[in-house]
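J.: Okay, so here is model.tsv, and as you'll see once you scroll down, it has TSV, C-alpha atoms.
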chain	number	residue	atom	x	y	z
M	1	MET	CA	14.75	6.42	-14.13
M	2	HIS	CA	13.72	2.75	-14.30
M	3	VAL	CA	10.94	1.78	-11.90
M	4	ILE	CA	9.53	-1.58	-10.84
M	5	VAL	CA	5.89	-1.30	-9.76
M	6	ASP	CA	3.09	-3.36	-8.28
M	7	PHE	CA	-0.33	-1.77	-8.54
M	8	THR	CA	-3.91	-2.64	-7.69
M	9	VAL	CA	-6.92	-0.78	-9.03
M	10	VAL	CA	-10.09	-0.87	-6.90
M	11	PRO	CA	-13.18	0.50	-8.70
M	12	VAL	CA	-15.71	1.92	-6.22
M	13	GLY	CA	-19.38	2.54	-6.91
M	14	ALA	CA	-19.45	0.21	-9.90
M	15	GLY	CA	-20.80	-2.95	-8.33
M	16	ILE	CA	-19.15	-5.88	-6.66
M	17	SER	CA	-17.64	-7.72	-9.61
M	18	LEU	CA	-14.31	-6.12	-10.45
M	19	SER	CA	-12.88	-8.56	-12.98
M	20	PRO	CA	-14.34	-6.77	-16.07
M	21	PHE	CA	-12.45	-3.66	-14.98
M	22	ILE	CA	-9.24	-5.52	-14.23
M	23	ALA	CA	-9.48	-7.13	-17.67
M	24	LYS	CA	-9.71	-3.63	-19.16
M	25	VAL	CA	-6.64	-2.58	-17.15
M	26	GLU	CA	-4.78	-5.53	-18.67
M	27	GLU	CA	-5.77	-4.34	-22.14
M	28	VAL	CA	-4.48	-0.85	-21.43
M	29	LEU	CA	-1.18	-2.31	-20.21
M	30	GLN	CA	-1.00	-4.56	-23.27
M	31	ASP	CA	-1.40	-1.47	-25.46
M	32	SER	CA	1.30	0.36	-23.48
M	33	GLY	CA	3.95	-2.08	-24.64
M	34	LEU	CA	5.37	-2.20	-21.12
M	35	SER	CA	6.46	-5.46	-19.51
M	36	HIS	CA	3.73	-6.50	-17.06
M	37	GLU	CA	2.39	-9.54	-15.24
M	38	LEU	CA	-0.98	-10.09	-13.57
M	39	HIS	CA	-1.04	-11.79	-10.16
M	40	ALA	CA	-3.78	-12.58	-7.64
M	41	ASN	CA	-3.72	-9.16	-5.97
M	42	GLY	CA	-2.47	-6.75	-8.61
M	43	THR	CA	-0.20	-6.34	-11.60
M	44	ASN	CA	3.57	-5.99	-11.75
M	45	ILE	CA	4.90	-3.59	-14.36
M	46	GLU	CA	8.25	-2.01	-15.09
M	47	GLY	CA	9.76	0.64	-17.36
M	48	GLU	CA	10.67	4.30	-17.40
M	49	TRP	CA	8.97	6.26	-14.60
M	50	ASP	CA	6.89	8.49	-16.89
M	51	ASP	CA	5.82	5.60	-19.11
M	52	VAL	CA	4.66	3.50	-16.15
M	53	MET	CA	2.85	6.38	-14.45
M	54	GLY	CA	1.32	7.37	-17.78
M	55	ALA	CA	-0.02	3.83	-18.22
M	56	ILE	CA	-1.59	3.85	-14.74
M	57	ARG	CA	-3.14	7.24	-15.46
M	58	ARG	CA	-4.53	5.84	-18.70
M	59	CYS	CA	-6.14	3.00	-16.68
M	60	HIS	CA	-7.94	5.58	-14.54
M	61	GLU	CA	-9.14	7.50	-17.60
M	62	VAL	CA	-10.42	4.38	-19.35
M	63	LEU	CA	-12.24	3.07	-16.25
M	64	HIS	CA	-13.88	6.44	-15.62
M	65	ASP	CA	-14.96	6.40	-19.28
M	66	MET	CA	-16.51	2.95	-18.64
M	67	GLY	CA	-18.63	4.58	-15.94
M	68	VAL	CA	-16.62	3.89	-12.78
M	69	PRO	CA	-17.22	7.00	-10.66
M	70	ARG	CA	-14.47	6.49	-8.09
M	71	ILE	CA	-11.16	4.64	-8.25
M	72	HIS	CA	-8.78	3.75	-5.43
M	73	THR	CA	-5.34	2.58	-6.55
M	74	ASP	CA	-2.40	1.21	-4.59
M	75	ILE	CA	1.10	1.51	-6.01
M	76	LYS	CA	4.27	0.02	-4.56
M	77	LEU	CA	7.34	1.10	-6.47
M	78	GLY	CA	11.07	0.74	-6.29
M	79	THR	CA	13.99	2.58	-7.86
M	80	ARG	CA	17.71	1.89	-7.49
M	81	SER	CA	20.75	4.00	-8.27
M	82	ASP	CA	23.33	1.36	-7.33
M	83	ARG	CA	22.64	-1.07	-10.14
M	84	ASP	CA	20.29	-2.06	-12.89
M	85	GLN	CA	17.63	-4.50	-11.72
M	86	ARG	CA	14.72	-6.02	-13.60
M	87	MET	CA	11.52	-7.62	-12.25
M	88	ALA	CA	12.59	-11.11	-13.21
M	89	ASP	CA	15.86	-10.68	-11.29
M	90	LYS	CA	14.01	-10.15	-8.04
M	91	VAL	CA	12.24	-13.51	-7.95
M	92	THR	CA	15.34	-15.30	-9.28
M	93	SER	CA	17.47	-13.78	-6.56
M	94	VAL	CA	15.16	-15.02	-3.80
M	95	ARG	CA	14.83	-18.48	-5.33
M	96	GLN	CA	18.62	-18.84	-5.47
M	97	LYS	CA	18.82	-18.17	-1.73
M	98	LEU	CA	16.14	-20.79	-1.13
M	99	GLY	CA	18.27	-23.32	-3.01
A	1	MET	CA	-7.51	14.74	-13.58
A	2	HIS	CA	-7.39	15.74	-9.90
A	3	VAL	CA	-5.83	13.13	-7.62
A	4	ILE	CA	-5.68	12.79	-3.83
A	5	VAL	CA	-2.63	10.83	-2.72
A	6	ASP	CA	-1.01	9.40	0.39
A	7	PHE	CA	2.59	8.35	-0.06
A	8	THR	CA	5.39	6.95	2.06
A	9	VAL	CA	9.03	6.91	1.01
A	10	VAL	CA	11.23	4.20	2.55
A	11	PRO	CA	14.97	4.71	1.87
A	12	VAL	CA	16.86	1.39	1.88
A	13	GLY	CA	20.60	0.95	2.34
A	14	ALA	CA	21.04	4.40	3.87
A	15	GLY	CA	21.01	3.55	7.56
A	16	ILE	CA	18.24	3.26	10.09
A	17	SER	CA	17.35	6.89	10.71
A	18	LEU	CA	14.97	8.00	7.99
A	19	SER	CA	13.86	11.42	9.27
A	20	PRO	CA	16.60	13.39	7.41
A	21	PHE	CA	15.29	11.93	4.17
A	22	ILE	CA	11.65	12.56	5.03
A	23	ALA	CA	12.57	16.16	5.87
A	24	LYS	CA	14.10	16.45	2.38
A	25	VAL	CA	10.91	15.02	0.88
A	26	GLU	CA	8.96	17.74	2.69
A	27	GLU	CA	11.26	20.37	1.17
A	28	VAL	CA	10.69	18.98	-2.31
A	29	LEU	CA	6.93	19.09	-1.76
A	30	GLN	CA	7.18	22.63	-0.39
A	31	ASP	CA	9.00	23.64	-3.57
A	32	SER	CA	6.34	21.92	-5.70
A	33	GLY	CA	3.69	24.35	-4.53
A	34	LEU	CA	1.23	21.47	-4.14
A	35	SER	CA	-1.06	21.22	-1.12
A	36	HIS	CA	0.41	18.60	1.22
A	37	GLU	CA	0.33	17.48	4.85
A	38	LEU	CA	2.76	15.28	6.78
A	39	HIS	CA	1.33	12.61	9.09
A	40	ALA	CA	2.86	9.86	11.21
A	41	ASN	CA	3.09	7.32	8.39
A	42	GLY	CA	3.38	9.36	5.22
A	43	THR	CA	2.33	12.55	3.49
A	44	ASN	CA	-1.00	13.49	1.93
A	45	ILE	CA	-0.80	15.52	-1.26
A	46	GLU	CA	-3.27	16.54	-3.94
A	47	GLY	CA	-3.29	18.22	-7.35
A	48	GLU	CA	-3.25	17.41	-11.03
A	49	TRP	CA	-2.09	13.83	-11.72
A	50	ASP	CA	1.07	14.79	-13.60
A	51	ASP	CA	2.07	17.42	-11.05
A	52	VAL	CA	1.69	15.03	-8.13
A	53	MET	CA	3.51	12.18	-9.86
A	54	GLY	CA	6.21	14.59	-10.98
A	55	ALA	CA	6.73	15.71	-7.38
A	56	ILE	CA	7.06	12.12	-6.16
A	57	ARG	CA	9.53	11.40	-8.97
A	58	ARG	CA	11.49	14.47	-7.91
A	59	CYS	CA	11.64	13.07	-4.36
A	60	HIS	CA	13.25	9.89	-5.71
A	61	GLU	CA	15.77	11.86	-7.76
A	62	VAL	CA	16.74	14.08	-4.83
A	63	LEU	CA	17.12	11.17	-2.39
A	64	HIS	CA	19.24	9.20	-4.86
A	65	ASP	CA	21.38	12.33	-5.26
A	66	MET	CA	21.77	12.39	-1.44
A	67	GLY	CA	23.25	8.90	-1.69
A	68	VAL	CA	20.24	6.67	-1.03
A	69	PRO	CA	20.87	3.64	-3.27
A	70	ARG	CA	17.42	2.09	-3.12
A	71	ILE	CA	13.98	3.57	-2.49
A	72	HIS	CA	10.69	1.80	-1.82
A	73	THR	CA	7.61	4.02	-2.08
A	74	ASP	CA	3.95	3.31	-1.33
A	75	ILE	CA	1.27	5.38	-3.01
A	76	LYS	CA	-2.46	5.24	-2.34
A	77	LEU	CA	-4.40	7.43	-4.72
A	78	GLY	CA	-7.98	8.28	-5.52
A	79	THR	CA	-9.71	9.90	-8.47
A	80	ARG	CA	-13.41	10.66	-8.94
A	81	SER	CA	-15.44	11.49	-12.02
A	82	ASP	CA	-18.75	12.00	-10.19
A	83	ARG	CA	-17.80	15.14	-8.32
A	84	ASP	CA	-15.02	17.42	-7.25
A	85	GLN	CA	-13.54	16.41	-3.89
A	86	ARG	CA	-10.64	17.90	-1.95
A	87	MET	CA	-8.52	16.35	0.82
A	88	ALA	CA	-10.05	18.52	3.49
A	89	ASP	CA	-13.57	17.41	2.47
A	90	LYS	CA	-12.77	13.79	3.26
A	91	VAL	CA	-11.99	14.28	6.94
A	92	THR	CA	-14.84	16.79	7.33
A	93	SER	CA	-17.28	14.32	5.80
A	94	VAL	CA	-16.34	11.58	8.27
A	95	ARG	CA	-16.40	13.94	11.26
A	96	GLN	CA	-19.93	15.09	10.35
A	97	LYS	CA	-21.13	11.47	10.45
A	98	LEU	CA	-19.49	11.05	13.86
A	99	GLY	CA	-21.49	14.06	15.09
X	1	MET	CA	5.79	-6.23	19.63
X	2	HIS	CA	4.75	-2.59	19.25
X	3	VAL	CA	3.52	-1.65	15.77
X	4	ILE	CA	2.78	1.70	14.13
X	5	VAL	CA	0.18	1.36	11.39
X	6	ASP	CA	-1.54	3.39	8.70
X	7	PHE	CA	-4.60	1.72	7.23
X	8	THR	CA	-7.28	2.54	4.69
X	9	VAL	CA	-10.52	0.62	4.35
X	10	VAL	CA	-12.21	0.66	0.92
X	11	PRO	CA	-15.74	-0.78	0.93
X	12	VAL	CA	-16.67	-2.24	-2.48
X	13	GLY	CA	-20.20	-2.91	-3.73
X	14	ALA	CA	-21.80	-0.61	-1.17
X	15	GLY	CA	-22.23	2.55	-3.21
X	16	ILE	CA	-20.02	5.50	-3.86
X	17	SER	CA	-20.22	7.37	-0.55
X	18	LEU	CA	-17.74	5.81	1.84
X	19	SER	CA	-17.80	8.27	4.75
X	20	PRO	CA	-20.58	6.45	6.69
X	21	PHE	CA	-18.35	3.38	6.71
X	22	ILE	CA	-15.23	5.29	7.68
X	23	ALA	CA	-17.19	6.89	10.52
X	24	LYS	CA	-18.07	3.38	11.71
X	25	VAL	CA	-14.40	2.39	11.51
X	26	GLU	CA	-13.60	5.36	13.74
X	27	GLU	CA	-16.17	4.13	16.25
X	28	VAL	CA	-14.63	0.67	16.29
X	29	LEU	CA	-11.19	2.19	16.89
X	30	GLN	CA	-12.60	4.42	19.63
X	31	ASP	CA	-13.99	1.31	21.32
X	32	SER	CA	-10.65	-0.46	20.97
X	33	GLY	CA	-8.97	2.04	23.28
X	34	LEU	CA	-5.96	2.18	20.95
X	35	SER	CA	-4.28	5.48	20.10
X	36	HIS	CA	-5.44	6.48	16.61
X	37	GLU	CA	-5.75	9.51	14.35
X	38	LEU	CA	-7.84	10.01	11.22
X	39	HIS	CA	-6.19	11.71	8.22
X	40	ALA	CA	-7.33	12.48	4.68
X	41	ASN	CA	-6.36	9.07	3.27
X	42	GLY	CA	-6.58	6.68	6.19
X	43	THR	CA	-6.10	6.28	9.92
X	44	ASN	CA	-2.91	5.98	11.93
X	45	ILE	CA	-3.02	3.60	14.85
X	46	GLU	CA	-0.46	2.07	17.18
X	47	GLY	CA	-0.25	-0.56	19.90
X	48	GLU	CA	0.58	-4.21	20.43
X	49	TRP	CA	0.56	-6.19	17.16
X	50	ASP	CA	-2.35	-8.46	18.10
X	51	ASP	CA	-4.44	-5.59	19.47
X	52	VAL	CA	-4.00	-3.51	16.32
X	53	MET	CA	-4.67	-6.40	13.96
X	54	GLY	CA	-7.64	-7.42	16.08
X	55	ALA	CA	-9.08	-3.92	15.76
X	56	ILE	CA	-8.69	-3.95	11.97
X	57	ARG	CA	-10.32	-7.38	11.83
X	58	ARG	CA	-13.18	-6.02	13.94
X	59	CYS	CA	-13.62	-3.20	11.37
X	60	HIS	CA	-14.06	-5.79	8.62
X	61	GLU	CA	-16.59	-7.75	10.69
X	62	VAL	CA	-18.64	-4.66	11.54
X	63	LEU	CA	-18.69	-3.37	7.94
X	64	HIS	CA	-19.72	-6.76	6.59
X	65	ASP	CA	-22.50	-6.76	9.22
X	66	MET	CA	-23.58	-3.34	7.88
X	67	GLY	CA	-24.03	-4.98	4.47
X	68	VAL	CA	-20.72	-4.24	2.76
X	69	PRO	CA	-20.12	-7.36	0.63
X	70	ARG	CA	-16.46	-6.78	-0.21
X	71	ILE	CA	-13.71	-4.87	1.56
X	72	HIS	CA	-10.26	-3.92	0.32
X	73	THR	CA	-7.86	-2.70	3.01
X	74	ASP	CA	-4.35	-1.28	2.77
X	75	ILE	CA	-2.04	-1.52	5.76
X	76	LYS	CA	1.40	0.03	6.10
X	77	LEU	CA	3.12	-1.01	9.30
X	78	GLY	CA	6.44	-0.57	10.99
X	79	THR	CA	8.21	-2.37	13.83
X	80	ARG	CA	11.60	-1.62	15.36
X	81	SER	CA	13.88	-3.67	17.59
X	82	ASP	CA	16.53	-0.99	18.03
X	83	ARG	CA	14.49	1.41	20.09
X	84	ASP	CA	11.07	2.36	21.31
X	85	GLN	CA	9.30	4.74	18.94
X	86	ARG	CA	5.80	6.20	19.11
X	87	MET	CA	3.69	7.75	16.34
X	88	ALA	CA	4.07	11.26	17.68
X	89	ASP	CA	7.89	10.90	17.67
X	90	LYS	CA	7.91	10.36	13.92
X	91	VAL	CA	6.37	13.69	12.94
X	92	THR	CA	8.36	15.53	15.64
X	93	SER	CA	11.61	14.05	14.36
X	94	VAL	CA	10.96	15.26	10.80
X	95	ARG	CA	9.84	18.71	11.95
X	96	GLN	CA	13.06	19.15	13.98
X	97	LYS	CA	15.12	18.48	10.83
X	98	LEU	CA	13.06	21.07	8.97
X	99	GLY	CA	13.91	23.62	11.66
U	1	MET	CA	-13.02	-14.93	8.07
U	2	HIS	CA	-11.08	-15.90	4.94
U	3	VAL	CA	-8.63	-13.26	3.73
U	4	ILE	CA	-6.61	-12.90	0.53
U	5	VAL	CA	-3.44	-10.89	1.09
U	6	ASP	CA	-0.52	-9.40	-0.80
U	7	PHE	CA	2.35	-8.30	1.39
U	8	THR	CA	5.81	-6.84	0.96
U	9	VAL	CA	8.43	-6.76	3.69
U	10	VAL	CA	11.07	-3.99	3.45
U	11	PRO	CA	13.97	-4.45	5.91
U	12	VAL	CA	15.55	-1.09	6.82
U	13	GLY	CA	19.00	-0.58	8.29
U	14	ALA	CA	20.22	-4.01	7.22
U	15	GLY	CA	22.03	-3.16	4.00
U	16	ILE	CA	20.91	-2.89	0.43
U	17	SER	CA	20.50	-6.53	-0.54
U	18	LEU	CA	17.09	-7.70	0.61
U	19	SER	CA	16.83	-11.12	-1.01
U	20	PRO	CA	18.31	-13.05	1.95
U	21	PHE	CA	15.53	-11.64	4.10
U	22	ILE	CA	12.82	-12.33	1.54
U	23	ALA	CA	14.10	-15.90	1.30
U	24	LYS	CA	13.70	-16.18	5.07
U	25	VAL	CA	10.14	-14.83	4.77
U	26	GLU	CA	9.41	-17.55	2.24
U	27	GLU	CA	10.68	-20.15	4.72
U	28	VAL	CA	8.42	-18.80	7.45
U	29	LEU	CA	5.45	-18.97	5.08
U	30	GLN	CA	6.41	-22.49	4.04
U	31	ASP	CA	6.41	-23.49	7.71
U	32	SER	CA	3.02	-21.84	8.21
U	33	GLY	CA	1.35	-24.30	5.88
U	34	LEU	CA	-0.64	-21.45	4.29
U	35	SER	CA	-1.11	-21.23	0.54
U	36	HIS	CA	1.30	-18.58	-0.77
U	37	GLU	CA	3.01	-17.44	-3.95
U	38	LEU	CA	6.05	-15.21	-4.41
U	39	HIS	CA	5.91	-12.53	-7.13
U	40	ALA	CA	8.25	-9.75	-8.22
U	41	ASN	CA	6.99	-7.23	-5.67
U	42	GLY	CA	5.68	-9.27	-2.78
U	43	THR	CA	3.98	-12.48	-1.79
U	44	ASN	CA	0.33	-13.49	-2.10
U	45	ILE	CA	-1.06	-15.54	0.75
U	46	GLU	CA	-4.52	-16.61	1.86
U	47	GLY	CA	-6.22	-18.31	4.79
U	48	GLU	CA	-8.03	-17.52	8.01
U	49	TRP	CA	-7.44	-13.93	9.17
U	50	ASP	CA	-5.64	-14.84	12.39
U	51	ASP	CA	-3.45	-17.45	10.69
U	52	VAL	CA	-2.35	-15.03	7.96
U	53	MET	CA	-1.69	-12.16	10.34
U	54	GLY	CA	0.12	-14.54	12.68
U	55	ALA	CA	2.40	-15.63	9.82
U	56	ILE	CA	3.23	-12.01	8.94
U	57	ARG	CA	3.94	-11.27	12.60
U	58	ARG	CA	6.22	-14.31	12.68
U	59	CYS	CA	8.12	-12.88	9.67
U	60	HIS	CA	8.76	-9.67	11.62
U	61	GLU	CA	9.95	-11.62	14.67
U	62	VAL	CA	12.31	-13.80	12.64
U	63	LEU	CA	13.80	-10.87	10.70
U	64	HIS	CA	14.36	-8.87	13.89
U	65	ASP	CA	16.08	-11.98	15.33
U	66	MET	CA	18.33	-12.00	12.21
U	67	GLY	CA	19.42	-8.48	13.15
U	68	VAL	CA	17.10	-6.31	11.07
U	69	PRO	CA	16.48	-3.28	13.31
U	70	ARG	CA	13.53	-1.79	11.45
U	71	ILE	CA	10.91	-3.32	9.18
U	72	HIS	CA	8.36	-1.61	6.95
U	73	THR	CA	5.60	-3.88	5.63
U	74	ASP	CA	2.81	-3.23	3.15
U	75	ILE	CA	-0.31	-5.36	3.28
U	76	LYS	CA	-3.21	-5.30	0.82
U	77	LEU	CA	-6.05	-7.54	1.91
U	78	GLY	CA	-9.52	-8.43	0.81
U	79	THR	CA	-12.48	-10.11	2.51
U	80	ARG	CA	-15.90	-10.92	1.07
U	81	SER	CA	-19.18	-11.83	2.71
U	82	ASP	CA	-21.11	-12.39	-0.51
U	83	ARG	CA	-19.30	-15.51	-1.64
U	84	ASP	CA	-16.32	-17.73	-1.19
U	85	GLN	CA	-13.39	-16.66	-3.34
U	86	ARG	CA	-9.88	-18.09	-3.54
U	87	MET	CA	-6.68	-16.49	-4.89
U	88	ALA	CA	-6.62	-18.67	-7.97
U	89	ASP	CA	-10.18	-17.63	-8.86
U	90	LYS	CA	-9.17	-14.00	-9.15
U	91	VAL	CA	-6.65	-14.45	-11.94
U	92	THR	CA	-8.87	-17.01	-13.70
U	93	SER	CA	-11.79	-14.59	-13.63
U	94	VAL	CA	-9.78	-11.82	-15.30
U	95	ARG	CA	-8.30	-14.19	-17.90
U	96	GLN	CA	-11.79	-15.39	-18.88
U	97	LYS	CA	-12.84	-11.81	-19.59
U	98	LEU	CA	-9.72	-11.34	-21.72
U	99	GLY	CA	-10.75	-14.39	-23.76
In structure tokens, write the structure found in this file.
T.:
Amino acid sequence: MHVIVDFTVVPVGAGISLSPFIAKVEEVLQDSGLSHELHANGTNIEGEWDDVMGAIRRCHEVLHDMGVPRIHTDIKLGTRSDRDQRMADKVTSVRQKLG
Amino acid sequence: MHVIVDFTVVPVGAGISLSPFIAKVEEVLQDSGLSHELHANGTNIEGEWDDVMGAIRRCHEVLHDMGVPRIHTDIKLGTRSDRDQRMADKVTSVRQKLG
Amino acid sequence: MHVIVDFTVVPVGAGISLSPFIAKVEEVLQDSGLSHELHANGTNIEGEWDDVMGAIRRCHEVLHDMGVPRIHTDIKLGTRSDRDQRMADKVTSVRQKLG
Amino acid sequence: MHVIVDFTVVPVGAGISLSPFIAKVEEVLQDSGLSHELHANGTNIEGEWDDVMGAIRRCHEVLHDMGVPRIHTDIKLGTRSDRDQRMADKVTSVRQKLG
């Protein structure tokens, strides 16, 4: 099952600057080989359900290993059975309507 | 890795009444054996990471099988490495502060 | 416009124990007079759009005043134009399907 | 209070193709004059709290007027009292750590 995901990792109890941890998340995603894209409030990622969820789990493990005691993560995900859709299609589809 | 999760399944393209689908989600969670609790805007669930994510994946599969063509799901999740925490502890902890 | 909301406040840079802050959020909601209910991963609240959003804004102001330097908040909200629905109806509707 | 927001509007009961509605949301945001950026799973937007929340409310009103009977929206938002931060800073800060 293909899934398109947006997720945001919020390290808690590890100070106020979060960018070192988000950079580490990006490294984990890079290593995963999954298609992903950082944006101002999270990261978009897509792939097979288990691969994507495994990558997010890996992010939690790596951040805890870095000393983050508590992690809050938001995930928004979408699956479709009617047709195949990729992340890039979604933005393109909206832009076409905007003309 | 123990995870405490809140998730909300939003079936799209299957009409306006969502409660039949949410009832099915509850059945899937019941079958999973995981601790879970329905609330007005989602369901709280906890357990091992892979078990919880597997149960949510199963919800998607079952709803697609029921004819839902598109599913949007929100997940909020928390993990901790500093101590063991259960869902029930979280509400109790806040209520104690409220006196 | 009536809105049904689930929201979760995550204080960042204020230590690892969040329950004192969530207790304060509950006090702010109590003062707001809006119908609300704490659950293991957030708080459900409903009312007029501006009242609900004003209450959440007030939570941010009060927590910053308590010394929280950074706050991440998740909001899930629903509005309907087809009929009047209240928070309590949502759980009841699912439970009826479950029999 | 400056707020940085990611939000996703999910029209329910209005068919399976959502891009016409997301295009309308983009128009509303364009009219708002607020800084915003579409991504594969939502839109990032920033500004004064009341302006941003007013724009999201306006999106709900306009979509209901288009005939969408039910709308589910996810909002992730962040405020800071320690320093001024803009959307663009967040991605830049992570990229610098990645080298």
J.: Would you mind listing what lies within 12 Å of His60 in chain M as a PDB file with C-alpha atoms, in the frame of the given file, with only C-alpha atoms counted and same-chain residues fewer than 2 positions away left out?
T.:
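So the final result, stored in around_0.pdb, reads:
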ATOM      1  CA  THR M   8      -3.910  -2.640  -7.690  1.00  0.00           C
ATOM      2  CA  VAL M   9      -6.920  -0.780  -9.030  1.00  0.00           C
ATOM      3  CA  VAL M  10     -10.090  -0.870  -6.900  1.00  0.00           C
ATOM      4  CA  PRO M  11     -13.180   0.500  -8.700  1.00  0.00           C
ATOM      5  CA  VAL M  12     -15.710   1.920  -6.220  1.00  0.00           C
ATOM      6  CA  PHE M  21     -12.450  -3.660 -14.980  1.00  0.00           C
ATOM      7  CA  ILE M  22      -9.240  -5.520 -14.230  1.00  0.00           C
ATOM      8  CA  LYS M  24      -9.710  -3.630 -19.160  1.00  0.00           C
ATOM      9  CA  VAL M  25      -6.640  -2.580 -17.150  1.00  0.00           C
ATOM     10  CA  VAL M  28      -4.480  -0.850 -21.430  1.00  0.00           C
ATOM     11  CA  LEU M  29      -1.180  -2.310 -20.210  1.00  0.00           C
ATOM     12  CA  MET M  53       2.850   6.380 -14.450  1.00  0.00           C
ATOM     13  CA  GLY M  54       1.320   7.370 -17.780  1.00  0.00           C
ATOM     14  CA  ALA M  55      -0.020   3.830 -18.220  1.00  0.00           C
ATOM     15  CA  ILE M  56      -1.590   3.850 -14.740  1.00  0.00           C
ATOM     16  CA  ARG M  57      -3.140   7.240 -15.460  1.00  0.00           C
ATOM     17  CA  ARG M  58      -4.530   5.840 -18.700  1.00  0.00           C
ATOM     18  CA  VAL M  62     -10.420   4.380 -19.350  1.00  0.00           C
ATOM     19  CA  LEU M  63     -12.240   3.070 -16.250  1.00  0.00           C
ATOM     20  CA  HIS M  64     -13.880   6.440 -15.620  1.00  0.00           C
ATOM     21  CA  ASP M  65     -14.960   6.400 -19.280  1.00  0.00           C
ATOM     22  CA  MET M  66     -16.510   2.950 -18.640  1.00  0.00           C
ATOM     23  CA  GLY M  67     -18.630   4.580 -15.940  1.00  0.00           C
ATOM     24  CA  VAL M  68     -16.620   3.890 -12.780  1.00  0.00           C
ATOM     25  CA  PRO M  69     -17.220   7.000 -10.660  1.00  0.00           C
ATOM     26  CA  ARG M  70     -14.470   6.490  -8.090  1.00  0.00           C
ATOM     27  CA  ILE M  71     -11.160   4.640  -8.250  1.00  0.00           C
ATOM     28  CA  HIS M  72      -8.780   3.750  -5.430  1.00  0.00           C
ATOM     29  CA  THR M  73      -5.340   2.580  -6.550  1.00  0.00           C
TER      30      THR M  73
ATOM     31  CA  MET A   1      -7.510  14.740 -13.580  1.00  0.00           C
ATOM     32  CA  HIS A   2      -7.390  15.740  -9.900  1.00  0.00           C
ATOM     33  CA  VAL A   3      -5.830  13.130  -7.620  1.00  0.00           C
ATOM     34  CA  TRP A  49      -2.090  13.830 -11.720  1.00  0.00           C
ATOM     35  CA  LEU A  77      -4.400   7.430  -4.720  1.00  0.00           C
ATOM     36  CA  GLY A  78      -7.980   8.280  -5.520  1.00  0.00           C
ATOM     37  CA  THR A  79      -9.710   9.900  -8.470  1.00  0.00           C
ATOM     38  CA  ARG A  80     -13.410  10.660  -8.940  1.00  0.00           C
ATOM     39  CA  SER A  81     -15.440  11.490 -12.020  1.00  0.00           C
TER      40      SER A  81
END
J.: U:Leu98, U:Ala40, U:Ile45, U:Ala23: which is nearest Gln85 in chain M, counting all atoms listed in the file?
T.: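 Residue with the minimum atom-to-atom distance to Gln85 in chain M: U:Ala40.
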J.: Go through chain A residue by residue and, counting only C-alpha atoms, keep those with an atom at most 7 Å from chain U; for each kept residue give the shortest atom pair and its distance in Å to one decimal, ordered by chain and increasing number, as a Markdown table.
T.:
| residue | atom | partner | partner_atom | distance |
| --- | --- | --- | --- | --- |
| A:Val12 | CA | U:Val12 | CA | 5.7 |
| A:Gly13 | CA | U:Ile16 | CA | 4.3 |
| A:Ala14 | CA | U:Gly13 | CA | 7.0 |
| A:Gly15 | CA | U:Gly13 | CA | 4.7 |
| A:Ile16 | CA | U:Gly13 | CA | 4.3 |
J.: For a quick check of understanding, using only C-alpha atoms, which of X:Ala88, X:Glu61, X:Asp6, X:Lys97 has the smallest distance to Gly42 in chain A?
T.: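 Comparing X:Ala88, X:Glu61, X:Asp6, X:Lys97 against Gly42 in chain A, the winner is X:Asp6.
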J.: Which value, in Å to one decimal, gives the distance between CA of Cys59 in chain X and CA of Arg86 in chain U?
T.: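 We find that CA of Cys59 in chain X and CA of Arg86 in chain U lie 21.4 Å from each other.
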